[in-house]
file run-v2.cif (mmCIF, C-alpha atoms and all ligand atoms)
data_coords
loop_
_atom_site.group_PDB
_atom_site.id
_atom_site.type_symbol
_atom_site.label_atom_id
_atom_site.label_comp_id
_atom_site.auth_asym_id
_atom_site.auth_seq_id
_atom_site.Cartn_x
_atom_site.Cartn_y
_atom_site.Cartn_z
ATOM 1 C CA MET A 6 7.935 -1.126 15.214
ATOM 2 C CA LYS A 7 9.672 -0.032 12.060
ATOM 3 C CA ILE A 8 7.565 -0.322 8.933
ATOM 4 C CA ALA A 9 8.857 0.048 5.358
ATOM 5 C CA LEU A 10 6.527 1.685 2.855
ATOM 6 C CA PHE A 11 6.641 0.294 -0.704
ATOM 7 C CA ALA A 12 5.267 2.519 -3.484
ATOM 8 C CA SER A 13 5.526 2.538 -7.291
ATOM 9 C CA GLY A 14 3.857 5.782 -8.301
ATOM 10 C CA SER A 15 2.574 9.049 -6.944
ATOM 11 C CA GLY A 16 2.926 8.038 -3.307
ATOM 12 C CA SER A 17 0.024 10.077 -1.975
ATOM 13 C CA ASN A 18 -0.896 7.259 0.417
ATOM 14 C CA ALA A 19 2.694 6.923 1.616
ATOM 15 C CA GLU A 20 2.799 10.671 2.309
ATOM 16 C CA ASN A 21 -0.595 10.606 4.032
ATOM 17 C CA ILE A 22 0.442 7.687 6.245
ATOM 18 C CA ILE A 23 3.676 9.370 7.350
ATOM 19 C CA ALA A 24 1.914 12.706 7.942
ATOM 20 C CA CYS A 25 -0.872 11.041 9.966
ATOM 21 C CA PHE A 26 1.522 9.145 12.205
ATOM 22 C CA ARG A 27 3.647 12.253 12.757
ATOM 23 C CA ALA A 28 0.526 14.100 13.879
ATOM 24 C CA ARG A 29 -0.592 11.341 16.271
ATOM 25 C CA HIS A 30 0.956 10.909 19.662
ATOM 26 C CA ASP A 31 -0.876 7.730 20.684
ATOM 27 C CA VAL A 32 0.922 5.467 18.191
ATOM 28 C CA GLN A 33 4.501 6.602 18.562
ATOM 29 C CA LEU A 34 5.650 2.999 18.651
ATOM 30 C CA ILE A 35 5.226 2.794 14.872
ATOM 31 C CA GLU A 36 7.796 4.473 12.635
ATOM 32 C CA PHE A 37 8.275 4.627 8.863
ATOM 33 C CA PRO A 38 12.038 4.990 8.392
ATOM 34 C CA LEU A 39 12.230 4.385 4.644
ATOM 35 C CA ILE A 40 10.346 4.146 1.352
ATOM 36 C CA VAL A 41 11.169 1.514 -1.254
ATOM 37 C CA SER A 42 10.152 1.810 -4.898
ATOM 38 C CA ASN A 43 10.680 -0.106 -8.132
ATOM 39 C CA LYS A 44 10.533 3.113 -10.198
ATOM 40 C CA ALA A 45 13.342 5.683 -10.153
ATOM 41 C CA ASP A 46 11.082 8.395 -11.615
ATOM 42 C CA ALA A 47 8.107 7.799 -9.308
ATOM 43 C CA PHE A 48 6.779 10.966 -7.675
ATOM 44 C CA VAL A 49 6.946 9.194 -4.312
ATOM 45 C CA HIS A 50 10.684 10.029 -4.230
ATOM 46 C CA GLU A 51 9.888 13.748 -4.365
ATOM 47 C CA ARG A 52 7.394 13.346 -1.525
ATOM 48 C CA ALA A 53 9.988 11.359 0.455
ATOM 49 C CA ARG A 54 12.567 14.117 -0.015
ATOM 50 C CA LYS A 55 10.136 16.744 1.285
ATOM 51 C CA LEU A 56 9.238 14.540 4.249
ATOM 52 C CA GLY A 57 12.918 13.903 5.003
ATOM 53 C CA VAL A 58 12.474 10.141 4.644
ATOM 54 C CA PRO A 59 15.109 8.188 2.663
ATOM 55 C CA SER A 60 13.755 6.480 -0.448
ATOM 56 C CA PHE A 61 15.383 3.799 -2.575
ATOM 57 C CA THR A 62 14.781 2.294 -6.008
ATOM 58 C CA PHE A 63 15.419 -1.351 -6.810
ATOM 59 C CA GLY A 64 14.974 -3.357 -9.993
ATOM 60 C CA LYS A 65 12.675 -6.371 -9.995
ATOM 61 C CA ALA A 66 15.642 -8.765 -9.620
ATOM 62 C CA ASP A 67 16.721 -7.032 -6.395
ATOM 63 C CA PHE A 68 13.363 -7.781 -4.799
ATOM 64 C CA ASP A 69 13.849 -11.465 -5.653
ATOM 65 C CA ASN A 70 17.574 -11.879 -4.956
ATOM 66 C CA GLY A 71 17.740 -10.607 -1.404
ATOM 67 C CA ALA A 72 19.131 -7.084 -2.029
ATOM 68 C CA VAL A 73 15.919 -5.429 -0.804
ATOM 69 C CA LEU A 74 15.739 -7.779 2.179
ATOM 70 C CA ARG A 75 19.300 -6.834 3.182
ATOM 71 C CA LEU A 76 18.405 -3.136 3.133
ATOM 72 C CA LEU A 77 15.290 -3.776 5.231
ATOM 73 C CA GLN A 78 17.386 -5.735 7.721
ATOM 74 C CA GLN A 79 19.936 -2.904 7.914
ATOM 75 C CA TYR A 80 17.088 -0.581 8.888
ATOM 76 C CA GLY A 81 15.711 -3.083 11.433
ATOM 77 C CA ILE A 82 12.380 -3.263 9.598
ATOM 78 C CA ASP A 83 9.610 -5.309 11.264
ATOM 79 C CA GLY A 84 6.874 -5.126 8.619
ATOM 80 C CA ILE A 85 5.953 -3.780 5.176
ATOM 81 C CA VAL A 86 3.029 -1.686 3.947
ATOM 82 C CA LEU A 87 2.335 -1.718 0.205
ATOM 83 C CA ALA A 88 0.898 1.691 -0.660
ATOM 84 C CA GLY A 89 0.395 1.592 -4.416
ATOM 85 C CA PHE A 90 3.147 -0.966 -5.054
ATOM 86 C CA LEU A 91 2.754 -2.834 -8.308
ATOM 87 C CA LEU A 92 5.289 -5.683 -8.262
ATOM 88 C CA LYS A 93 4.424 -9.088 -6.867
ATOM 89 C CA VAL A 94 6.010 -9.525 -3.435
ATOM 90 C CA PRO A 95 8.623 -12.308 -3.740
ATOM 91 C CA ASP A 96 8.864 -15.341 -1.463
ATOM 92 C CA THR A 97 12.085 -14.008 0.107
ATOM 93 C CA LEU A 98 10.130 -11.119 1.634
ATOM 94 C CA LEU A 99 7.008 -13.177 2.448
ATOM 95 C CA GLN A 100 9.178 -15.596 4.428
ATOM 96 C CA ALA A 101 11.158 -12.858 6.162
ATOM 97 C CA PHE A 102 7.974 -11.001 7.241
ATOM 98 C CA PRO A 103 5.334 -13.693 7.886
ATOM 99 C CA ASP A 104 1.890 -12.088 8.288
ATOM 100 C CA ARG A 105 3.588 -8.704 8.488
ATOM 101 C CA ILE A 106 2.984 -7.373 4.974
ATOM 102 C CA ILE A 107 -0.257 -5.592 4.133
ATOM 103 C CA ASN A 108 -1.571 -4.074 0.913
ATOM 104 C CA ILE A 109 -4.276 -1.620 -0.043
ATOM 105 C CA HIS A 110 -6.351 -2.378 -3.122
ATOM 106 C CA PRO A 111 -8.641 0.282 -4.676
ATOM 107 C CA ALA A 112 -11.759 -1.892 -5.011
ATOM 108 C CA LEU A 113 -13.881 -4.346 -3.074
ATOM 109 C CA LEU A 114 -11.927 -7.590 -3.393
ATOM 110 C CA PRO A 115 -12.433 -10.304 -4.529
ATOM 111 C CA LYS A 116 -13.924 -8.202 -7.313
ATOM 112 C CA PHE A 117 -11.495 -6.355 -9.612
ATOM 113 C CA GLY A 118 -8.317 -7.930 -8.240
ATOM 114 C CA GLY A 119 -5.403 -9.863 -9.698
ATOM 115 C CA LYS A 120 -2.519 -9.167 -12.055
ATOM 116 C CA GLY A 121 -2.911 -5.973 -14.088
ATOM 117 C CA MET A 122 -5.638 -4.655 -11.789
ATOM 118 C CA TYR A 123 -4.064 -1.585 -10.300
ATOM 119 C CA GLY A 124 -4.702 2.132 -10.054
ATOM 120 C CA SER A 125 -6.818 3.605 -12.855
ATOM 121 C CA HIS A 126 -7.310 0.187 -14.535
ATOM 122 C CA VAL A 127 -9.394 -0.852 -11.549
ATOM 123 C CA HIS A 128 -11.619 2.239 -11.659
ATOM 124 C CA GLU A 129 -12.077 1.930 -15.435
ATOM 125 C CA ALA A 130 -13.190 -1.695 -14.976
ATOM 126 C CA VAL A 131 -15.610 -0.702 -12.199
ATOM 127 C CA VAL A 132 -17.234 1.941 -14.422
ATOM 128 C CA ALA A 133 -17.290 -0.351 -17.501
ATOM 129 C CA ASN A 134 -19.025 -3.007 -15.408
ATOM 130 C CA HIS A 135 -21.729 -0.536 -14.260
ATOM 131 C CA GLU A 136 -20.989 -1.232 -10.594
ATOM 132 C CA THR A 137 -23.112 0.702 -8.108
ATOM 133 C CA GLU A 138 -20.407 0.714 -5.446
ATOM 134 C CA SER A 139 -16.657 0.465 -5.061
ATOM 135 C CA GLY A 140 -14.298 1.011 -2.167
ATOM 136 C CA ILE A 141 -11.050 -0.130 -0.633
ATOM 137 C CA THR A 142 -9.726 -3.436 0.625
ATOM 138 C CA ILE A 143 -6.801 -3.709 3.009
ATOM 139 C CA HIS A 144 -5.497 -7.258 3.164
ATOM 140 C CA SER A 145 -2.506 -9.265 4.235
ATOM 141 C CA VAL A 146 -0.207 -10.275 1.403
ATOM 142 C CA ASN A 147 0.448 -13.849 0.369
ATOM 143 C CA GLU A 148 1.955 -15.482 -2.717
ATOM 144 C CA HIS A 149 -1.089 -14.699 -4.903
ATOM 145 C CA TYR A 150 -2.011 -11.209 -6.115
ATOM 146 C CA ASP A 151 -4.810 -9.695 -3.996
ATOM 147 C CA GLU A 152 -5.782 -12.982 -2.319
ATOM 148 C CA GLY A 153 -4.512 -12.590 1.260
ATOM 149 C CA ALA A 154 -6.922 -12.423 4.198
ATOM 150 C CA ILE A 155 -9.066 -9.293 4.202
ATOM 151 C CA ILE A 156 -8.409 -7.033 7.191
ATOM 152 C CA PHE A 157 -10.699 -4.104 6.361
ATOM 153 C CA GLN A 158 -13.076 -2.832 3.674
ATOM 154 C CA ALA A 159 -14.894 0.468 3.214
ATOM 155 C CA ARG A 160 -17.434 1.305 0.507
ATOM 156 C CA CYS A 161 -18.453 4.282 -1.604
ATOM 157 C CA PRO A 162 -21.310 4.670 -4.082
ATOM 158 C CA VAL A 163 -20.640 4.713 -7.825
ATOM 159 C CA LEU A 164 -23.188 6.821 -9.698
ATOM 160 C CA PRO A 165 -24.213 6.080 -13.309
ATOM 161 C CA THR A 166 -22.647 9.431 -14.276
ATOM 162 C CA ASP A 167 -19.312 8.785 -12.524
ATOM 163 C CA THR A 168 -16.147 8.602 -14.607
ATOM 164 C CA ALA A 169 -13.152 6.483 -13.613
ATOM 165 C CA ASP A 170 -11.560 9.686 -12.263
ATOM 166 C CA ASP A 171 -14.633 10.352 -10.102
ATOM 167 C CA VAL A 172 -14.412 6.848 -8.654
ATOM 168 C CA ALA A 173 -10.662 7.260 -8.111
ATOM 169 C CA ALA A 174 -11.283 10.451 -6.108
ATOM 170 C CA LYS A 175 -13.842 8.718 -3.861
ATOM 171 C CA VAL A 176 -11.564 5.722 -3.360
ATOM 172 C CA HIS A 177 -8.552 7.898 -2.571
ATOM 173 C CA ALA A 178 -10.611 9.736 0.051
ATOM 174 C CA LEU A 179 -11.438 6.391 1.688
ATOM 175 C CA GLU A 180 -7.775 5.390 1.557
ATOM 176 C CA TYR A 181 -6.603 8.566 3.253
ATOM 177 C CA ALA A 182 -9.344 8.303 5.899
ATOM 178 C CA HIS A 183 -8.808 4.644 6.844
ATOM 179 C CA PHE A 184 -5.402 3.269 5.870
ATOM 180 C CA PRO A 185 -3.331 4.904 8.657
ATOM 181 C CA GLU A 186 -5.730 3.691 11.356
ATOM 182 C CA VAL A 187 -5.844 0.141 9.970
ATOM 183 C CA ILE A 188 -2.030 0.099 9.868
ATOM 184 C CA ALA A 189 -1.889 1.284 13.489
ATOM 185 C CA GLN A 190 -4.314 -1.399 14.671
ATOM 186 C CA PHE A 191 -2.728 -4.193 12.618
ATOM 187 C CA PHE A 192 0.849 -3.584 13.734
ATOM 188 C CA GLU A 193 0.021 -2.704 17.322
ATOM 189 C CA LYS A 194 -1.270 -6.279 17.702
ATOM 190 C CA LYS A 195 2.042 -7.720 16.456
HETATM 191 C C1 LIG A 201 -3.942 3.583 -4.618
HETATM 192 O O1 LIG A 201 -5.255 3.889 -5.012
HETATM 193 C C2 LIG A 201 -3.835 2.115 -4.235
HETATM 194 O O2 LIG A 201 -5.012 1.595 -3.697
HETATM 195 C C3 LIG A 201 -3.551 1.486 -5.563
HETATM 196 O O3 LIG A 201 -2.659 2.373 -6.197
HETATM 197 C C4 LIG A 201 -2.984 3.706 -5.800
HETATM 198 C C5 LIG A 201 -1.710 4.410 -5.437
HETATM 199 O O4 LIG A 201 -1.933 5.785 -5.241
HETATM 200 N N1 LIG A 201 -2.986 0.181 -5.410
HETATM 201 C C6 LIG A 201 -3.200 -0.797 -6.309
HETATM 202 O O5 LIG A 201 -3.849 -0.627 -7.326
HETATM 203 C C7 LIG A 201 -2.581 -2.137 -5.953
HETATM 204 N N2 LIG A 201 -3.121 -3.170 -6.767
HETATM 205 P P1 LIG A 201 -0.820 6.673 -4.523
HETATM 206 O O6 LIG A 201 0.523 6.344 -5.215
HETATM 207 O O7 LIG A 201 -1.224 8.079 -4.788
HETATM 208 O O8 LIG A 201 -0.796 6.322 -3.072
#

call {"tool": "encode", "arguments": {"input": "run-v2.cif", "output": "structure tokens"}}
result
Amino acid sequence: MKIALFASGSGSNAENIIACFRARHDVQLIEFPLIVSNKADAFVHERARKLGVPSFTFGKADFDNGAVLRLLQQYGIDGIVLAGFLLKVPDTLLQAFPDRIINIHPALLPKFGGKGMYGSHVHEAVVANHETESGITIHSVNEHYDEGAIIFQARCPVLPTDTADDVAAKVHALEYAHFPEVIAQFFEKK
């Protein structure tokens, strides 16, 4: 299966996913032939260059009007993984990849989800709310932000002394540890 990675920022998850799959020999049926971003200056492009994976930037309209879909079709893409991707996935892509788009969210959904809840904003809200735990949620993507069926969650403690950066570090560690394996299991069943 060919999976497209979508990323809007640093791309550390995208890099970790590609590196993990390159190092594994039991899941060679899954490949990541390209990275798609909505930000030309996102650091994910630098990571893509180092990994030797082509990366592309599209404006919001291109996600809606079929330009991104055409590129994915040219690459024979079978599914999409959102790894820190901040635009809403348009209906054109949801229809083209039914139950084949998954997202990672840096909190325990349904808490701290929805529009505007991404990256550091999530961790700041977790700390402001005096939560005692946070974690990651990997879920399938539907037409509503962060509301698709939950595939996997993992938890980490949040201490009273933790800053948003401390929580981010714990959550990133969970992401790196679990996301590649969840991707492997999800797409191997398809
Ligand atoms: C990750 O923590 C991911 O869970 C989050 O963005 C970060 C991207 O980091 N995604 C969302 O907030 C989606 N709502 P990365 O660019 O270093 O992989």

call {"tool": "residues_around", "arguments": {"input": "run-v2.cif", "residues": "region 177-192 of chain A", "least_positions_apart": "2", "cutoff": "7 Å", "atoms": "only C-alpha atoms", "output": "list in words"}}
result
Asn18, Asn21, Ile22, Cys25, Val32, Ile141, Ala173, Ala174, Lys175, Lys194 and Lys195 of chain A

call {"tool": "atom_distance", "arguments": {"input": "run-v2.cif", "atom1": "CA of Gly89 (chain A)", "atom2": "CA of Met6 (chain A)"}}
result
21.2 Å

call {"tool": "residues_near_ligand", "arguments": {"input": "run-v2.cif", "ligand": "ligand LIG 201 (chain A)", "cutoff": "9 Å", "atoms": "all atoms listed in the file", "output": "number ranges by chain"}}
result
A: 12-21, 47-49, 87-92, 108-112, 118-127, 141-143, 150-151, 173-174, 176-177, 180-181

call {"tool": "resolve_selection", "arguments": {"input": "run-v2.cif", "expression": "the PyMOL selection byres (((chain A and resi 132) around 12) and not hetatm)", "output": "CSV table (one decimal) with C-alpha atoms, in the coordinates of the input"}}
result
chain,number,residue,atom,x,y,z
A,112,ALA,CA,-11.8,-1.9,-5.0
A,117,PHE,CA,-11.5,-6.4,-9.6
A,125,SER,CA,-6.8,3.6,-12.9
A,126,HIS,CA,-7.3,0.2,-14.5
A,127,VAL,CA,-9.4,-0.9,-11.5
A,128,HIS,CA,-11.6,2.2,-11.7
A,129,GLU,CA,-12.1,1.9,-15.4
A,130,ALA,CA,-13.2,-1.7,-15.0
A,131,VAL,CA,-15.6,-0.7,-12.2
A,133,ALA,CA,-17.3,-0.4,-17.5
A,134,ASN,CA,-19.0,-3.0,-15.4
A,135,HIS,CA,-21.7,-0.5,-14.3
A,136,GLU,CA,-21.0,-1.2,-10.6
A,137,THR,CA,-23.1,0.7,-8.1
A,138,GLU,CA,-20.4,0.7,-5.4
A,139,SER,CA,-16.7,0.5,-5.1
A,162,PRO,CA,-21.3,4.7,-4.1
A,163,VAL,CA,-20.6,4.7,-7.8
A,164,LEU,CA,-23.2,6.8,-9.7
A,165,PRO,CA,-24.2,6.1,-13.3
A,166,THR,CA,-22.6,9.4,-14.3
A,167,ASP,CA,-19.3,8.8,-12.5
A,168,THR,CA,-16.1,8.6,-14.6
A,169,ALA,CA,-13.2,6.5,-13.6
A,170,ASP,CA,-11.6,9.7,-12.3
A,171,ASP,CA,-14.6,10.4,-10.1
A,172,VAL,CA,-14.4,6.8,-8.7
A,173,ALA,CA,-10.7,7.3,-8.1

call {"tool": "atom_distance", "arguments": {"input": "run-v2.cif", "atom1": "CA of Gly64 (chain A)", "atom2": "CA of Leu76 (chain A)"}}
result
13.6 Å

call {"tool": "closest_residue", "arguments": {"input": "run-v2.cif", "among": "A:Arg27, A:Lys116, A:Lys65, A:Lys7", "to": "Ile40 (chain A)", "atoms": "only C-alpha atoms"}}
result
A:Lys7

call {"tool": "resolve_selection", "arguments": {"input": "run-v2.cif", "expression": "the PyMOL selection byres (((chain A and resi 71-74) around 10) and not hetatm)", "output": "PDB file with C-alpha atoms, keeping the file's coordinate frame"}}
result
ATOM      1  CA  VAL A  41      11.169   1.514  -1.254  1.00  0.00           C
ATOM      2  CA  PHE A  61      15.383   3.799  -2.575  1.00  0.00           C
ATOM      3  CA  THR A  62      14.781   2.294  -6.008  1.00  0.00           C
ATOM      4  CA  PHE A  63      15.419  -1.351  -6.810  1.00  0.00           C
ATOM      5  CA  GLY A  64      14.974  -3.357  -9.993  1.00  0.00           C
ATOM      6  CA  LYS A  65      12.675  -6.371  -9.995  1.00  0.00           C
ATOM      7  CA  ALA A  66      15.642  -8.765  -9.620  1.00  0.00           C
ATOM      8  CA  ASP A  67      16.721  -7.032  -6.395  1.00  0.00           C
ATOM      9  CA  PHE A  68      13.363  -7.781  -4.799  1.00  0.00           C
ATOM     10  CA  ASP A  69      13.849 -11.465  -5.653  1.00  0.00           C
ATOM     11  CA  ASN A  70      17.574 -11.879  -4.956  1.00  0.00           C
ATOM     12  CA  ARG A  75      19.300  -6.834   3.182  1.00  0.00           C
ATOM     13  CA  LEU A  76      18.405  -3.136   3.133  1.00  0.00           C
ATOM     14  CA  LEU A  77      15.290  -3.776   5.231  1.00  0.00           C
ATOM     15  CA  GLN A  78      17.386  -5.735   7.721  1.00  0.00           C
ATOM     16  CA  GLN A  79      19.936  -2.904   7.914  1.00  0.00           C
ATOM     17  CA  TYR A  80      17.088  -0.581   8.888  1.00  0.00           C
ATOM     18  CA  ILE A  82      12.380  -3.263   9.598  1.00  0.00           C
ATOM     19  CA  PRO A  95       8.623 -12.308  -3.740  1.00  0.00           C
ATOM     20  CA  THR A  97      12.085 -14.008   0.107  1.00  0.00           C
ATOM     21  CA  LEU A  98      10.130 -11.119   1.634  1.00  0.00           C
ATOM     22  CA  ALA A 101      11.158 -12.858   6.162  1.00  0.00           C
ATOM     23  CA  PHE A 102       7.974 -11.001   7.241  1.00  0.00           C
TER      24      PHE A 102
END

call {"tool": "atom_distance", "arguments": {"input": "run-v2.cif", "atom1": "CA of Leu99 (chain A)", "atom2": "CA of Leu34 (chain A)"}}
result
22.9 Å

call {"tool": "closest_residue", "arguments": {"input": "run-v2.cif", "among": "A:Leu114, A:Ile155, A:Val146, A:Ile35", "to": "Asp96 (chain A)", "atoms": "all atoms listed in the file"}}
result
A:Val146

call {"tool": "closest_residue", "arguments": {"input": "run-v2.cif", "among": "A:Arg160, A:Ile107, A:Gln100, A:Ala9", "to": "Gly81 (chain A)", "atoms": "only C-alpha atoms"}}
result
A:Ala9

call {"tool": "decode", "arguments": {"input": "run-v2.cif", "residues": "region 13-23 of chain A", "atoms": "all heavy atoms", "output": "PDB file, in the first residue's frame"}}
result
ATOM      1  N   SER A  13       1.926  19.846   8.366  1.00  0.00           N
ATOM      2  CA  SER A  13       1.912  21.314   8.230  1.00  0.00           C
ATOM      3  C   SER A  13       3.087  22.001   8.898  1.00  0.00           C
ATOM      4  O   SER A  13       3.270  23.202   8.713  1.00  0.00           O
ATOM      5  CB  SER A  13       0.629  21.886   8.862  1.00  0.00           C
ATOM      6  OG  SER A  13      -0.519  21.366   8.259  1.00  0.00           O
ATOM      7  N   GLY A  14       3.840  21.280   9.729  1.00  0.00           N
ATOM      8  CA  GLY A  14       4.843  21.975  10.533  1.00  0.00           C
ATOM      9  C   GLY A  14       6.191  21.289  10.542  1.00  0.00           C
ATOM     10  O   GLY A  14       6.765  20.981   9.496  1.00  0.00           O
ATOM     11  N   SER A  15       6.655  20.999  11.739  1.00  0.00           N
ATOM     12  CA  SER A  15       7.994  20.438  11.899  1.00  0.00           C
ATOM     13  C   SER A  15       8.172  19.101  11.182  1.00  0.00           C
ATOM     14  O   SER A  15       9.224  18.834  10.597  1.00  0.00           O
ATOM     15  CB  SER A  15       8.285  20.272  13.394  1.00  0.00           C
ATOM     16  OG  SER A  15       9.385  19.420  13.582  1.00  0.00           O
ATOM     17  N   GLY A  16       7.172  18.255  11.263  1.00  0.00           N
ATOM     18  CA  GLY A  16       7.266  16.972  10.547  1.00  0.00           C
ATOM     19  C   GLY A  16       8.043  15.904  11.275  1.00  0.00           C
ATOM     20  O   GLY A  16       8.477  14.921  10.658  1.00  0.00           O
ATOM     21  N   SER A  17       8.204  16.055  12.601  1.00  0.00           N
ATOM     22  CA  SER A  17       8.991  15.026  13.302  1.00  0.00           C
ATOM     23  C   SER A  17       8.270  13.674  13.287  1.00  0.00           C
ATOM     24  O   SER A  17       8.917  12.623  13.229  1.00  0.00           O
ATOM     25  CB  SER A  17       9.319  15.462  14.734  1.00  0.00           C
ATOM     26  OG  SER A  17       8.180  15.482  15.547  1.00  0.00           O
ATOM     27  N   ASN A  18       6.953  13.681  13.323  1.00  0.00           N
ATOM     28  CA  ASN A  18       6.232  12.401  13.214  1.00  0.00           C
ATOM     29  C   ASN A  18       6.391  11.804  11.818  1.00  0.00           C
ATOM     30  O   ASN A  18       6.607  10.589  11.695  1.00  0.00           O
ATOM     31  CB  ASN A  18       4.744  12.590  13.531  1.00  0.00           C
ATOM     32  CG  ASN A  18       4.463  12.496  15.013  1.00  0.00           C
ATOM     33  OD1 ASN A  18       4.457  11.403  15.574  1.00  0.00           O
ATOM     34  ND2 ASN A  18       4.266  13.636  15.639  1.00  0.00           N
ATOM     35  N   ALA A  19       6.278  12.633  10.799  1.00  0.00           N
ATOM     36  CA  ALA A  19       6.440  12.114   9.431  1.00  0.00           C
ATOM     37  C   ALA A  19       7.813  11.457   9.295  1.00  0.00           C
ATOM     38  O   ALA A  19       7.937  10.342   8.761  1.00  0.00           O
ATOM     39  CB  ALA A  19       6.270  13.251   8.427  1.00  0.00           C
ATOM     40  N   GLU A  20       8.847  12.138   9.780  1.00  0.00           N
ATOM     41  CA  GLU A  20      10.206  11.576   9.692  1.00  0.00           C
ATOM     42  C   GLU A  20      10.302  10.271  10.476  1.00  0.00           C
ATOM     43  O   GLU A  20      10.873   9.280   9.996  1.00  0.00           O
ATOM     44  CB  GLU A  20      11.223  12.579  10.230  1.00  0.00           C
ATOM     45  CG  GLU A  20      12.633  12.005  10.190  1.00  0.00           C
ATOM     46  CD  GLU A  20      13.711  13.011  10.550  1.00  0.00           C
ATOM     47  OE1 GLU A  20      13.410  14.213  10.707  1.00  0.00           O
ATOM     48  OE2 GLU A  20      14.866  12.577  10.668  1.00  0.00           O
ATOM     49  N   ASN A  21       9.733  10.272  11.692  1.00  0.00           N
ATOM     50  CA  ASN A  21       9.808   9.069  12.529  1.00  0.00           C
ATOM     51  C   ASN A  21       9.097   7.890  11.861  1.00  0.00           C
ATOM     52  O   ASN A  21       9.584   6.750  11.897  1.00  0.00           O
ATOM     53  CB  ASN A  21       9.187   9.369  13.896  1.00  0.00           C
ATOM     54  CG  ASN A  21       9.205   8.164  14.801  1.00  0.00           C
ATOM     55  OD1 ASN A  21      10.265   7.640  15.140  1.00  0.00           O
ATOM     56  ND2 ASN A  21       8.034   7.678  15.184  1.00  0.00           N
ATOM     57  N   ILE A  22       7.954   8.166  11.250  1.00  0.00           N
ATOM     58  CA  ILE A  22       7.192   7.097  10.590  1.00  0.00           C
ATOM     59  C   ILE A  22       8.022   6.501   9.448  1.00  0.00           C
ATOM     60  O   ILE A  22       8.173   5.281   9.330  1.00  0.00           O
ATOM     61  CB  ILE A  22       5.844   7.648  10.064  1.00  0.00           C
ATOM     62  CG1 ILE A  22       4.921   7.987  11.236  1.00  0.00           C
ATOM     63  CG2 ILE A  22       5.184   6.652   9.112  1.00  0.00           C
ATOM     64  CD1 ILE A  22       3.767   8.916  10.873  1.00  0.00           C
ATOM     65  N   ILE A  23       8.572   7.371   8.600  1.00  0.00           N
ATOM     66  CA  ILE A  23       9.345   6.871   7.456  1.00  0.00           C
ATOM     67  C   ILE A  23      10.570   6.090   7.948  1.00  0.00           C
ATOM     68  O   ILE A  23      10.868   4.995   7.455  1.00  0.00           O
ATOM     69  CB  ILE A  23       9.740   8.040   6.527  1.00  0.00           C
ATOM     70  CG1 ILE A  23       8.478   8.566   5.834  1.00  0.00           C
ATOM     71  CG2 ILE A  23      10.781   7.594   5.500  1.00  0.00           C
ATOM     72  CD1 ILE A  23       8.678   9.858   5.070  1.00  0.00           C
TER      73      ILE A  23
END
